[in-house]
Every structure is written in C-alpha cells, then in structure tokens.
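Here is the structure we will look at.
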Protein chains: 2
Amino acid sequence: MEDVALVRWPDDADRLAALRAAGAPRLLLVAPDAAPPAVVDPLEDWVRLPADDAELAARLATLRARGGAGAPAPDLDTDGLLHYRDRWVALSPVEQALAGALTERFGAVVGRDALSKRAWPDGTPTRNALDVHILRFRRRIAPLGLELRTVRARGYLLQGFAATDTA
Amino acid sequence: MEDVALVRWPDDADRLAALRAAGAPRLLLVAPDAAPPAVVDPLEDWVRLPADDAELAARLATLRARGGAGAPAPDLDTDGLLHYRDRWVALSPVEQALAGALTERFGAVVGRDALSKRAWPDGTPTRNALDVHILRFRRRIAPLGLELRTVRARGYLLQGFAATDTA
DNA sequence: GCTTGGGTTTCGCCGAAGTGAAGCCTGGCT
DNA sequence: AGCCAGGCTTCACTTCGGCGAAACCCAAGC
C-alpha cells in the first residue's frame, strides 16, 4: 500500500513540489519557526514540530484514508472468492454471477433484469428467486464491509459502507 | 460568504453531526485531553487546544478555500440518482423530473408551471399535487446539503445550504 | 438404495415507497 | 377582514422489494 510521504518544510520544498505533481499524499513537518504553508489539496496536511505522537498518527490516518478512498472495487477471483480490503468470502454459483455483474459496475446501478440474465442466462425461475439470492448475497458480503443498496424500480448498487449518507 | 464553523470536541458532538450532514466546512477545537477525532472529509479539520493563532488562521484558510472551491451543480444521472458533493440519493420518477428542471437552472428561479409541465407533460393532476412533491423533494435532498427555496409568486430555486443572502 | 447437506426455488405475506386527493394551517398582502 | 399562494398532514391505493419457511434438486458418502 502506498504510504504518506513526510516532508520537512520549508527544507524539502522541491520534493514537495514533486509529490504535489504526482498527487501523492504527504504530511509536512513544519519547522518550529516557519510559517504554516497554504494548503488546499485534501491530500496534504501539516503539523508543527515538535509534533505530538498522537497528532501525527491521527493526521497520517486521515491522509491515508483520503488517499485510498478511490473506490477500490471488490475482486471476484476464479475460485469464486470475493475479495475486498484484505478479507474474502466464498460465494455460491448464483452469488458469483451476481457478484460478477455488480463488481464490474461497482458503485453504479445494475438492473434486476441484468442480474437475472447473468445468473440464469436461459430464463429466470420466478420473480422471487432473485430476491432470495439478493438477500443472501447481502448477508454474505456484509462482513467484508460491502453493502448492496436498492434503487427502487431501477436495480441494485454495490458499494462500501458509508460511501454516501450518514447514520 | 459562508464561513467555517468552529466546534468544540467532544462537547459539541451533536452539532458536528449536523454540520457533517449538511456538508458544511468545520474546524474542531479538540479539548487538551481528548483524543483527536477520525477525520476523512476534506471539509473537516482540527486543532488541539490551546491553539496557536497562526495555526488556527492557517487551517481556517484551508477550509475556506476547500469549501468555496467552485459551486458545483448537483448532477442527476441516468439511473435517477441525484449526486452532490460525494453524496447521492435515489429519486422517484416525479422527483427526477423536478430535479432535472431545477438542476439545469441551478441557483435560478424555476416557475411552478415549468415544473408542472416537466413532471406531467400532459396535464397536472391537481394544483396541489406539485406542492406535495415539492415538499417531499425538499426532504429528500436535505441530506445532500441542498435546499429548495420559495420565491413567492415566481417559483422555486435550488441551491446549496448557506448560499444565503441575509442572515 | 438411502441419507445428508448445500445450494436453489417456490410460496405467501408483509412492509416500504410512490402517487394523488382533500383538507386545514399560515403568513403576507390588499 | 379577507384573499391567496404555499406548506404540510392525512388517507387511500398501488406497486415493488424483503424475507421466513418449506419444498426441491443433486452430488457425495454410507
């Protein structure tokens, strides 16, 4: 995993420029007597030296979270395992079909019909069959930190927890 | 101009929740003995009390810059989802029609008749129908930090929170 | 052959959401 | 006072999705 770069300010100003250009997350360690830099980029932050350990850790965590927050799609491997953020679960055949369609369009709406067609290429059993598999799929992926949200009359949308609303 | 909210942490936790929901920029003033909060949102930052004036000013400037950064119009996608600042909600068909008209003229007044025509191309049900949908639309978009303001006898105007004129 | 167990499908019912119709409330204006 | 544009609630009705429970199917093992 890409980690946050630590940059002394104003000493390492050139390196900072490079990091900014590369869009890499970075934390400036500001010399005791230097003026705080003008920050706008969410991937940049700063602390004044000497820095408190807890503060340092907290700001690094923030930058890491922002840096990695680029919609990391779950991955369905050839063994029918669905991987997401260091964790995985085994899926049944029908669930694999659903997961395939949903991860390919991670974060976007996939119609019920598209899911049906994917799971049962030659004819859906009944309307409810999909419902039940959706239900179980939801429960199956919850431990991974994934949720399947319903968009009424449109379909379903796979996303990570809290990618949108609040409690 | 919208300004950055100052929130004592952890004392004003409820107010913080409201500000987060509204997508308003805020700076947490963290009590000397409290743990730093877990921040991800670029519109949120924190300083430990007692705070240095220069640090306070610098972080406020950062948040102002991020907060004011462009007034992006909400986006209604083809799935009937209304996106605004990293968040989204699903809209019902009638609401999609209203949202379409209102986002196309984001920040400007749209007449009731224009909205009616958009939602019901061949005839409005009753005069009252629009009122009800306006009401529901308001509640639906509030979590995104959007509000629909009335311009009496003229129509309605969609805007982000706190793009206010008077107090 | 029979059992067992996972996966799958059916059935049936419930709750949630979308939509309008009516009616009442309110605040501003004449 | 009375009018009028809106705001908001309540009710009825419909459609869509959620979900428990039980039946089914089929392959592996006894």
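Letters A, B, ... go to the chains of the structure tokens in the order shown; residues in each chain start at 1; ligands are counted from 1 in the same order.
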Show me which bits of chain C are within 9 Å of chain A, counting only C-alpha atoms (C1' of nucleotides), as a PDB file with N, CA and C atoms (P, O5', C5', C4', C3', O3' and C1' of nucleotides), in the first residue's frame.
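Written output follows (selection11.pdb):
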```pdb
ATOM      1  P    DG C   7     -23.259 -23.791  -0.015  1.00  0.00           P
ATOM      2  O5'  DG C   7     -24.284 -23.748  -1.235  1.00  0.00           O
ATOM      3  C5'  DG C   7     -23.955 -24.461  -2.411  1.00  0.00           C
ATOM      4  C4'  DG C   7     -25.188 -24.598  -3.266  1.00  0.00           C
ATOM      5  C3'  DG C   7     -25.858 -23.261  -3.631  1.00  0.00           C
ATOM      6  O3'  DG C   7     -25.969 -23.215  -5.037  1.00  0.00           O
ATOM      7  C1'  DG C   7     -27.459 -24.808  -2.839  1.00  0.00           C
ATOM      8  P    DT C   8     -26.548 -21.906  -5.703  1.00  0.00           P
ATOM      9  O5'  DT C   8     -28.088 -22.276  -5.903  1.00  0.00           O
ATOM     10  C5'  DT C   8     -28.415 -23.459  -6.609  1.00  0.00           C
ATOM     11  C4'  DT C   8     -29.916 -23.655  -6.634  1.00  0.00           C
ATOM     12  C3'  DT C   8     -30.733 -22.431  -7.077  1.00  0.00           C
ATOM     13  O3'  DT C   8     -31.517 -22.822  -8.193  1.00  0.00           O
ATOM     14  C1'  DT C   8     -31.677 -23.428  -5.157  1.00  0.00           C
ATOM     15  P    DT C   9     -32.243 -21.700  -9.067  1.00  0.00           P
ATOM     16  O5'  DT C   9     -33.730 -21.845  -8.534  1.00  0.00           O
ATOM     17  C5'  DT C   9     -34.378 -23.101  -8.694  1.00  0.00           C
ATOM     18  C4'  DT C   9     -35.705 -23.092  -7.951  1.00  0.00           C
ATOM     19  C3'  DT C   9     -36.598 -21.887  -8.244  1.00  0.00           C
ATOM     20  O3'  DT C   9     -37.802 -22.355  -8.834  1.00  0.00           O
ATOM     21  C1'  DT C   9     -36.514 -22.370  -5.913  1.00  0.00           C
ATOM     22  P    DT C  10     -38.929 -21.319  -9.301  1.00  0.00           P
ATOM     23  O5'  DT C  10     -40.037 -21.602  -8.184  1.00  0.00           O
ATOM     24  C5'  DT C  10     -40.203 -22.924  -7.714  1.00  0.00           C
ATOM     25  C4'  DT C  10     -41.241 -22.964  -6.604  1.00  0.00           C
ATOM     26  C3'  DT C  10     -42.386 -21.961  -6.753  1.00  0.00           C
ATOM     27  O3'  DT C  10     -43.602 -22.629  -6.463  1.00  0.00           O
ATOM     28  C1'  DT C  10     -41.330 -21.679  -4.647  1.00  0.00           C
ATOM     29  P    DA C  17     -39.043   3.253   2.759  1.00  0.00           P
ATOM     30  O5'  DA C  17     -39.676   3.474   1.315  1.00  0.00           O
ATOM     31  C5'  DA C  17     -39.170   2.706   0.241  1.00  0.00           C
ATOM     32  C4'  DA C  17     -39.901   3.070  -1.024  1.00  0.00           C
ATOM     33  C3'  DA C  17     -40.058   4.583  -1.232  1.00  0.00           C
ATOM     34  O3'  DA C  17     -39.757   4.855  -2.581  1.00  0.00           O
ATOM     35  C1'  DA C  17     -42.175   3.546  -1.265  1.00  0.00           C
TER      36       DA C  17
END
```
Practice prompt. Please report as a count of residues only which residues of chain D come no farther than 12 Å from chain A, using only C-alpha atoms (C1' of nucleotides).
Written response: 6
Worksheet item: How close is chain A to chain B in C-alpha RMSD after a least-squares fit, all Cα atoms in order?
Response: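 Fitting chain A to chain B over paired C-alpha atoms yields 11.6 Å.
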Fill in: Neighbours of chain B in chain A at 8 Å, counting only C-alpha atoms, as a list in words
Ala35, Pro36, Pro37, Ala38, Val39, Val40, Asp41, Pro42, Ala54, Glu55, Ala58, Ala61, Thr62, Leu63, Ala65, Arg66, Val109, Val151, Arg152, Arg154, Ala163, Thr164, Asp165 and Thr166 of chain A
Would you write out those residues with C-alpha atoms, as a short mmCIF file (atom, residue, chain, number, x, y, z; two decimals), in the first residue's frame?
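What follows is the written file selection.cif:
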```cif
data_model
loop_
_atom_site.label_atom_id
_atom_site.label_comp_id
_atom_site.auth_asym_id
_atom_site.auth_seq_id
_atom_site.Cartn_x
_atom_site.Cartn_y
_atom_site.Cartn_z
CA ALA A 35 5.05 29.94 8.80
CA PRO A 36 2.38 27.33 8.15
CA PRO A 37 2.11 26.64 4.41
CA ALA A 38 -1.00 27.44 2.44
CA VAL A 39 -2.73 24.10 1.94
CA VAL A 40 -5.73 23.42 -0.25
CA ASP A 41 -5.28 19.90 -1.56
CA PRO A 42 -7.10 17.34 0.61
CA ALA A 54 -0.99 11.20 18.73
CA GLU A 55 -1.46 14.17 16.44
CA ALA A 58 -4.18 11.00 13.53
CA ALA A 61 -4.51 8.21 9.26
CA THR A 62 -6.60 10.96 7.71
CA LEU A 63 -4.30 11.26 4.73
CA ALA A 65 -7.93 7.32 4.31
CA ARG A 66 -8.23 10.11 1.77
CA VAL A 109 -26.87 0.68 -10.57
CA VAL A 151 -32.63 1.75 -6.10
CA ARG A 152 -36.33 1.29 -6.45
CA ARG A 154 -34.01 0.55 -11.17
CA ALA A 163 -19.78 5.71 0.75
CA THR A 164 -22.62 8.16 0.97
CA ASP A 165 -25.11 9.01 3.61
CA THR A 166 -24.71 9.21 7.33
#
```
Discussion item. If you run DSSP on the backbone here, which positions in chain A get strand (DSSP E or B)? Please write them as a VMD selection string.
Written reply: chain A and resid 5 to 9 26 to 30 44 to 48 75 to 76 81 to 84 87 to 90 109 to 110 146 to 151 155 to 160
Write the residues of the preceding selection, restricted to C-alpha atoms, as a PDB file, in the first residue's frame.
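Writing the result to out_7.pdb gives the following:
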```
ATOM      1  CA  ALA A   5       5.211  10.947   2.420  1.00  0.00           C
ATOM      2  CA  LEU A   6       6.767  13.006   5.203  1.00  0.00           C
ATOM      3  CA  VAL A   7       8.247  16.278   4.037  1.00  0.00           C
ATOM      4  CA  ARG A   8      10.231  18.779   6.050  1.00  0.00           C
ATOM      5  CA  TRP A   9       9.073  22.291   5.489  1.00  0.00           C
ATOM      6  CA  ARG A  26       2.004  13.981   2.091  1.00  0.00           C
ATOM      7  CA  LEU A  27       2.390  15.409   5.539  1.00  0.00           C
ATOM      8  CA  LEU A  28       4.520  18.485   6.045  1.00  0.00           C
ATOM      9  CA  LEU A  29       6.659  18.689   9.148  1.00  0.00           C
ATOM     10  CA  VAL A  30       6.817  22.406   9.680  1.00  0.00           C
ATOM     11  CA  GLU A  44      -1.863  17.462   2.008  1.00  0.00           C
ATOM     12  CA  ASP A  45      -1.665  18.331   5.687  1.00  0.00           C
ATOM     13  CA  TRP A  46       0.877  19.637   8.143  1.00  0.00           C
ATOM     14  CA  VAL A  47       1.978  19.592  11.739  1.00  0.00           C
ATOM     15  CA  ARG A  48       4.254  21.941  13.625  1.00  0.00           C
ATOM     16  CA  ASP A  75     -12.454  -8.567  -6.754  1.00  0.00           C
ATOM     17  CA  LEU A  76     -14.082 -11.835  -7.707  1.00  0.00           C
ATOM     18  CA  LEU A  81     -13.968 -15.975  -3.742  1.00  0.00           C
ATOM     19  CA  LEU A  82     -14.907 -12.362  -3.370  1.00  0.00           C
ATOM     20  CA  HIS A  83     -12.047 -10.258  -2.032  1.00  0.00           C
ATOM     21  CA  TYR A  84     -12.370  -6.813  -0.547  1.00  0.00           C
ATOM     22  CA  ARG A  87     -10.904 -10.018   3.507  1.00  0.00           C
ATOM     23  CA  TRP A  88     -12.782 -12.543   1.475  1.00  0.00           C
ATOM     24  CA  VAL A  89     -15.807 -14.833   1.489  1.00  0.00           C
ATOM     25  CA  ALA A  90     -16.735 -17.836  -0.601  1.00  0.00           C
ATOM     26  CA  VAL A 109     -26.867   0.682 -10.575  1.00  0.00           C
ATOM     27  CA  VAL A 110     -27.387  -2.744 -12.108  1.00  0.00           C
ATOM     28  CA  LEU A 146     -19.791  -4.094   1.436  1.00  0.00           C
ATOM     29  CA  GLU A 147     -23.430  -3.245   1.090  1.00  0.00           C
ATOM     30  CA  LEU A 148     -25.926  -3.704  -1.678  1.00  0.00           C
ATOM     31  CA  ARG A 149     -28.320  -0.799  -1.882  1.00  0.00           C
ATOM     32  CA  THR A 150     -31.661  -0.886  -3.589  1.00  0.00           C
ATOM     33  CA  VAL A 151     -32.633   1.755  -6.102  1.00  0.00           C
ATOM     34  CA  GLY A 155     -31.986  -2.161  -9.581  1.00  0.00           C
ATOM     35  CA  TYR A 156     -29.185  -2.551  -7.093  1.00  0.00           C
ATOM     36  CA  LEU A 157     -25.931  -0.793  -6.410  1.00  0.00           C
ATOM     37  CA  LEU A 158     -22.894  -2.279  -4.715  1.00  0.00           C
ATOM     38  CA  GLN A 159     -20.770  -0.017  -2.561  1.00  0.00           C
ATOM     39  CA  GLY A 160     -18.577   0.087   0.509  1.00  0.00           C
TER      40      GLY A 160
END
```
Discussion item. Among segment 6-133 of chain B, which ones does DSSP assign to alpha helix (DSSP H) (computed from the backbone)? Answer as a PyMOL selection string.
Written reply: chain B and resi 13-22+53-68+93-104+112-119+127-133
Response to the item:
Pairwise distance, atom CA of Arg138 of chain A with atom CA of Gly111 of chain A, equals 16.0 Å
Discussion item. Please compute the atom C1' of DA22 of chain C-atom C1' of DA12 of chain D distance, one decimal, in Å.
Written reply: 11.2 Å
Item to complete: May I have the residues within 12 Å of DC11 of chain D as a PyMOL selection string, using only C-alpha atoms (C1' of nucleotides) and disregarding those fewer than 3 positions away in the same chain?
Response: chain C and resi 20-23
Worksheet item: Do you know which residues are at most 12 Å from DC29 of chain C counting only C-alpha atoms (C1' of nucleotides), after dropping those on the same chain fewer than 4 positions away, and could you put them as an MDAnalysis selection string?
Response: (chainID B and resid 152) or (chainID D and resid 2:5)
